[in-house]
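Here is the structure we will look at.
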Amino acid sequence: MHHEMLDHFAAGVSPIHRLDPAAKTVAALAVILATVLVGRDHFRPLILLAAALVIYQAIARVPVGYTARHLLLLSPLVLGIVGLFPLLEPGRTLWAIPLGPWRIEITQAGLVRGGHLAAKCVLASWAAFLLMATTRFQDLLQALARLRVPRVLVIQLAFMYRYLWILADEVMRLRMARAARDGGGGPWGMRMRSRVDLVGVLFVRTYDRAERVYWAMLARGFDGTMPATATAPARPVDWAFAAMTVAAALLLVMADRCLHG
Amino acid sequence: MAEPILEVVDVRYRYPTGTDALCGVTFSVAPGERVAIVGPNGAGKSTLLLAIAGFVPATGRIRLGGHTLNRATVRDVRRHLGLVFQDPDDQLFMPRVGEDVAFGPATMGLAPEEVHARVHEALEAVELEGYETRAPYHLSVGEKRRAALATVLAMRPQVLALDEPSANLDPRGRRRLIGLLRALSTTLLIVGHDLDLIMDVCDRTILMDAGCVIADGPTSAILTHRELLESHGLELPLAVAARQTPESPR
């Protein structure tokens with residue numbers, strides 16, 4: 001059983017793929033931070049950021065559909081938060097929906113605010129996604145270690161990446177084994193119950209595996225520290241890319257602040 | 001006879017539930033010997049391996065490569081015992097095959113060039129040259145098995161201990177593994193049910209049942225003893241059975 005990997009396109013070849021992972025990580029962080037810092041209801045800086053991401057994506061030759069599909073996966077989360085804004089923000093009422101004794105009012109200011117927040121969410125996830133799509137996860141982990149992210153966190157991410165798919169396979173097998181016997185039918189209560197049991201079984205199996213993996217590590221001399229792996233040093237072009245992105249992001253935020261107060 | 005490389009003397013272990021897992025196991029292995037430990041499910045074979053590696057708190061004496069196993073020497077013992085676990089997904093825990101093979105040598109504190117050389121040598125020994133940057137998740141079962149073997153070979157252990165090395169392998173993968181194992185010059189300890197593999201690889205066999213050693217002798221004597229095998233939940237290896245009953249079944 002195979003799943004689409006997080007870094008499906010990360011093995012590609014483009015000038016962007018060749019950039020140093022740490023430089024790309026810094027650049028992505030700068031873009032995300034700039035997105036977050038853009039003032040309320042200012043759409044123009046967001047359009048500039050989007051344009052930058054479009055160019056990045058084009059150079060890296062990441063398919064548009066692939067990006068859109070992954071960003072859509074995040075949409076329930078975004079809509080859940082953003083969807084409340086048109087209802088909560090005071091302002092000129094555009095539509096009023098009667099709901100029994102209450103009236104739900106959708107305001108213009110609320111729509112703008114919600115739209116702005118949604119755009120920010122999409123841009124920030126897009127930037128993070130492009131980093132993932134152009135950097136192999138293992139390289140990203142090494143970059144994080146070089147950027148002084150606590151080692152424990154990096155190791156945890158490494159294990160997550162290594163075992164996520166094995167866990168997903170296990171869920172799939174358990175679900176198939178169940179479906180093979182109940183055909184996916186049965187009374188609702190029983191289905192829910194078996195779902196809860198499945199989570200329990202999964203927990204026990206994961207726990208057992210964690211112990212076996214730990215033993216396998218001990219058997220090879222693990223003493224609590226992970227050996228560091230050598231990485232290629234960053235080139236001038238990597239430094240230039242990171243510095244230019246950070247400078248541009250800073251400029252954008254400052255211009256936004258000065259022009260709009 | 002040469003000084004044994006592995007000595008197991010009166011090793012006992014009782015599960016926390018109260019069942020006896022090992023009831024006084026004693027044997028020793030000379031350098032270069034290839035020993036198989038066979039027996040039915042629950043005979044205590046895997047537990048014995050874990051006890052030798054110091055993972056289960058067994059009583060008795062275990063001596064490997066000049067170190068008597070105790071709390072202070074457990075790291076030395078593990079360093080000289082190359083233990084390959086049953087599920088290669090447990091064994092391969094690093095994001096890339098190369099990093100995984102490098103894990104053992106690197107934790108031993110070897111210099112980066114030496115680590116690199118060991119990784120290359122180990123991957124070559126299991127015919128996985130060029131797999132350094134591959135993710136374990138994308139390997140076939142056979143490749144995972146061989147990669148798991150490489151992670152241990154890179155540490156150049158004195159004794160190589162394999163738990164069910166051929167489980168889930170297709171005949172081709174199995175054949176390849178047998179070839180690799182036969183080519184190794186290390187002392188081997190193979191636990192499993194694949195009696196045909198054991199016939200091919202090991203010169204000595206220890207039969208265990210219910211935590212005890214039932215028989216210990218040349219593979220050619222034990223794995224051809226139908227009554228002995230059948231009374232302990234095993235059966236003759238196919239190769240032997242074919243030789244003993246030449247007429248084809250109707």
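Quick note on naming: the chains in the structure tokens go A, B, ... in the order shown, residues restart at 1 in each chain, and ligands are numbered from 1 in order of appearance.
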Inset, instruction - Just need the residues of chain B within 9 Å of chain A, counting only C-alpha atoms, so spit them out as a ChimeraX atom specification. - result: /B:53,55,75-76,78-79,81-85,89-96,99,102-109,112,135-138,151-152,155
With N, CA and C atoms retained, export the selected residues as a compact mmCIF listing (two decimals), in the first residue's frame.
```txt
# COMPACT_ATOMS: atom_id res chain seq x y z
N ALA B 53 20.77 -10.04 24.16
CA ALA B 53 21.03 -8.61 23.94
C ALA B 53 20.73 -7.78 25.18
N PHE B 55 17.82 -7.33 26.73
CA PHE B 55 16.55 -6.59 26.72
C PHE B 55 15.54 -7.17 27.69
N ARG B 75 26.14 -2.33 26.93
CA ARG B 75 26.42 -1.62 25.68
C ARG B 75 27.51 -2.31 24.86
N ASP B 76 28.52 -2.84 25.54
CA ASP B 76 29.58 -3.57 24.83
C ASP B 76 29.03 -4.83 24.19
N ARG B 78 25.96 -5.44 23.26
CA ARG B 78 25.11 -5.12 22.11
C ARG B 78 25.95 -4.71 20.90
N ARG B 79 27.08 -4.08 21.19
CA ARG B 79 27.95 -3.64 20.10
C ARG B 79 28.54 -4.84 19.35
N LEU B 81 27.07 -7.83 19.30
CA LEU B 81 25.99 -8.69 18.82
C LEU B 81 25.20 -7.87 17.80
N GLY B 82 25.24 -8.30 16.57
CA GLY B 82 24.44 -7.60 15.56
C GLY B 82 23.06 -8.22 15.53
N LEU B 83 22.10 -7.55 16.17
CA LEU B 83 20.76 -8.12 16.28
C LEU B 83 19.86 -7.55 15.20
N VAL B 84 19.34 -8.42 14.34
CA VAL B 84 18.41 -7.97 13.29
C VAL B 84 17.01 -8.41 13.70
N PHE B 85 16.15 -7.44 13.89
CA PHE B 85 14.80 -7.73 14.38
C PHE B 85 13.92 -8.31 13.28
N ASP B 89 10.70 -2.83 9.49
CA ASP B 89 10.23 -1.47 9.74
C ASP B 89 10.57 -1.01 11.16
N ASP B 90 10.84 -1.95 12.04
CA ASP B 90 11.31 -1.58 13.38
C ASP B 90 12.79 -1.25 13.34
N GLN B 91 13.49 -1.98 12.46
CA GLN B 91 14.94 -1.84 12.40
C GLN B 91 15.35 -0.56 11.69
N LEU B 92 14.61 -0.23 10.64
CA LEU B 92 14.97 0.94 9.83
C LEU B 92 14.17 2.13 10.32
N PHE B 93 14.77 2.94 11.19
CA PHE B 93 13.99 4.02 11.80
C PHE B 93 14.41 5.40 11.32
N MET B 94 15.46 5.47 10.51
CA MET B 94 15.91 6.78 10.03
C MET B 94 15.21 7.10 8.70
N PRO B 95 15.15 8.39 8.36
CA PRO B 95 14.44 8.76 7.13
C PRO B 95 15.07 8.23 5.85
N ARG B 96 16.38 7.97 5.87
CA ARG B 96 17.05 7.49 4.66
C ARG B 96 17.87 6.25 4.98
N GLU B 99 21.47 6.97 6.15
CA GLU B 99 21.56 7.45 7.53
C GLU B 99 21.33 6.31 8.52
N ALA B 102 24.33 4.25 8.74
CA ALA B 102 25.37 5.03 9.42
C ALA B 102 25.11 5.14 10.92
N PHE B 103 23.88 4.89 11.34
CA PHE B 103 23.51 5.12 12.74
C PHE B 103 24.42 4.37 13.72
N GLY B 104 24.58 3.06 13.49
CA GLY B 104 25.41 2.25 14.39
C GLY B 104 26.85 2.73 14.44
N PRO B 105 27.54 2.77 13.27
CA PRO B 105 28.93 3.25 13.29
C PRO B 105 29.06 4.65 13.88
N ALA B 106 28.10 5.53 13.60
CA ALA B 106 28.20 6.91 14.11
C ALA B 106 28.05 6.94 15.63
N THR B 107 27.13 6.11 16.16
CA THR B 107 27.00 6.11 17.63
C THR B 107 28.20 5.44 18.28
N MET B 108 28.95 4.63 17.49
CA MET B 108 30.18 4.04 18.03
C MET B 108 31.26 5.10 18.13
N GLY B 109 31.03 6.27 17.52
CA GLY B 109 31.98 7.37 17.61
C GLY B 109 33.06 7.31 16.54
N PRO B 112 33.78 10.47 10.50
CA PRO B 112 32.84 10.52 9.37
C PRO B 112 33.30 9.73 8.14
N ALA B 135 14.23 6.29 0.76
CA ALA B 135 13.46 6.23 2.00
C ALA B 135 13.04 4.79 2.25
N PRO B 136 13.21 4.27 3.48
CA PRO B 136 12.86 2.88 3.76
C PRO B 136 11.42 2.54 3.35
N TYR B 137 10.54 3.54 3.44
CA TYR B 137 9.14 3.28 3.13
C TYR B 137 8.95 2.83 1.69
N HIS B 138 9.83 3.28 0.81
CA HIS B 138 9.67 2.99 -0.61
C HIS B 138 10.36 1.69 -1.03
N THR B 151 22.37 -2.46 8.23
CA THR B 151 22.51 -1.57 9.38
C THR B 151 23.35 -2.21 10.47
N VAL B 152 23.27 -3.54 10.54
CA VAL B 152 24.00 -4.27 11.58
C VAL B 152 25.41 -4.64 11.10
N MET B 155 28.30 -2.34 11.64
CA MET B 155 28.93 -2.28 12.96
C MET B 155 29.98 -3.36 13.13
```
Inset, instruction - Determine, counting only C-alpha atoms, which protein, DNA and RNA residues have an atom within 8 Å of an atom of B:Pro40; residues of the same chain fewer than 2 positions away are not included. Present the result as a ChimeraX atom specification. - result: /B:38,42-43,193,208-209,232-234
With N, CA and C atoms kept, could you save the residues just selected as a short mmCIF file (atom, residue, chain, number, x, y, z; two decimals), in the first residue's frame?
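Writing done, so here's again10.cif:
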```
data_model
loop_
_atom_site.label_atom_id
_atom_site.label_comp_id
_atom_site.auth_asym_id
_atom_site.auth_seq_id
_atom_site.Cartn_x
_atom_site.Cartn_y
_atom_site.Cartn_z
N VAL B 38 15.75 -23.44 16.41
CA VAL B 38 14.43 -23.71 15.85
C VAL B 38 13.49 -24.18 16.95
N GLY B 42 6.29 -19.74 20.36
CA GLY B 42 6.23 -19.68 21.82
C GLY B 42 7.28 -20.54 22.50
N ALA B 43 8.25 -21.04 21.73
CA ALA B 43 9.27 -21.90 22.34
C ALA B 43 10.28 -21.08 23.13
N HIS B 193 11.66 -20.55 11.63
CA HIS B 193 10.97 -21.77 11.23
C HIS B 193 11.34 -22.20 9.83
N MET B 208 14.48 -25.98 20.36
CA MET B 208 13.92 -25.54 21.64
C MET B 208 12.42 -25.79 21.66
N ASP B 209 11.89 -26.04 22.85
CA ASP B 209 10.44 -26.10 23.03
C ASP B 209 10.15 -25.74 24.48
N HIS B 232 7.72 -31.76 18.22
CA HIS B 232 7.87 -30.39 18.71
C HIS B 232 7.33 -29.36 17.73
N GLY B 233 6.25 -29.74 17.07
CA GLY B 233 5.53 -28.78 16.25
C GLY B 233 6.21 -28.38 14.96
N LEU B 234 7.22 -29.14 14.55
CA LEU B 234 7.91 -28.81 13.29
C LEU B 234 7.73 -29.98 12.33
#
```
Legend entry - Exercise: B:Ala2 partners within 10 Å, only C-alpha atoms, chain neighbours under 4 positions left out, as a PyMOL selection string: chain B and resi 29-31
For the residues in that selection, give me N, CA and C atoms as a compact mmCIF listing (two decimals), in the first residue's frame.
```txt
# COMPACT_ATOMS: atom_id res chain seq x y z
N VAL B 29 28.79 -21.12 21.52
CA VAL B 29 29.02 -21.03 20.08
C VAL B 29 30.48 -20.67 19.84
N ALA B 30 31.15 -21.44 18.98
CA ALA B 30 32.56 -21.16 18.65
C ALA B 30 32.62 -20.12 17.53
N PRO B 31 33.73 -19.37 17.45
CA PRO B 31 33.84 -18.35 16.39
C PRO B 31 33.66 -18.98 15.02
```
Legend entry - Members of stretch 133-171 of chain A assigned helix (DSSP H, G or I) by DSSP, as a count of residues only: 33
Inset, instruction - Show which residues sit within 10 Å of A:Leu37, as number ranges by chain. Count only C-alpha atoms, and ignore same-chain residues fewer than 6 positions away. - result: A: 31, 120, 249-250, 252-254, 256-257
Go ahead and dump the residues you just picked, C-alpha atoms, as a compact mmCIF listing (two decimals), in the first residue's frame.
```txt
# COMPACT_ATOMS: atom_id res chain seq x y z
CA VAL A 31 7.07 35.27 3.67
CA LYS A 120 -3.77 35.40 4.76
CA ALA A 249 9.44 40.82 3.14
CA LEU A 250 10.71 43.45 5.54
CA LEU A 252 6.77 45.06 2.19
CA VAL A 253 5.73 45.12 5.84
CA MET A 254 7.38 48.50 6.41
CA ASP A 256 2.43 48.67 4.36
CA ARG A 257 2.83 50.20 7.82
```
Inset, instruction - Report as a PyMOL selection string: the residues of stretch 84-120 of chain A with a DSSP assignment of strand (DSSP E or B), based on the backbone of this structure. - result: chain A and resi 93-99+102-107
Inset, instruction - Go through A:Ser125, A:Thr67, A:Ser194, A:Ser14 and flag the residue nearest A:Arg181, using only C-alpha atoms for the distances. - result: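 When distances to A:Arg181 are compared using only C-alpha atoms, the smallest one comes from A:Ser194.
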Legend entry - Contacts of B:Thr187 within 12 Å, only C-alpha atoms, excl. fewer than 6 positions in-chain, as a ChimeraX atom specification: /B:4-6,28-36,64-65,80-82,153,156-162,181,201-204
Legend entry - Nearest candidate to A:Ile47 (options A:Ser75, A:Glu105, A:Phe9, A:Ala119; using only C-alpha atoms):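 For A:Ile47, the nearest of the given residues is A:Ala119.
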Legend entry - Counting only C-alpha atoms, the option among B:Met199, B:Ala221, B:Leu189, B:Leu149 closest to B:Ile52: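 Nearest to B:Ile52: B:Leu189.
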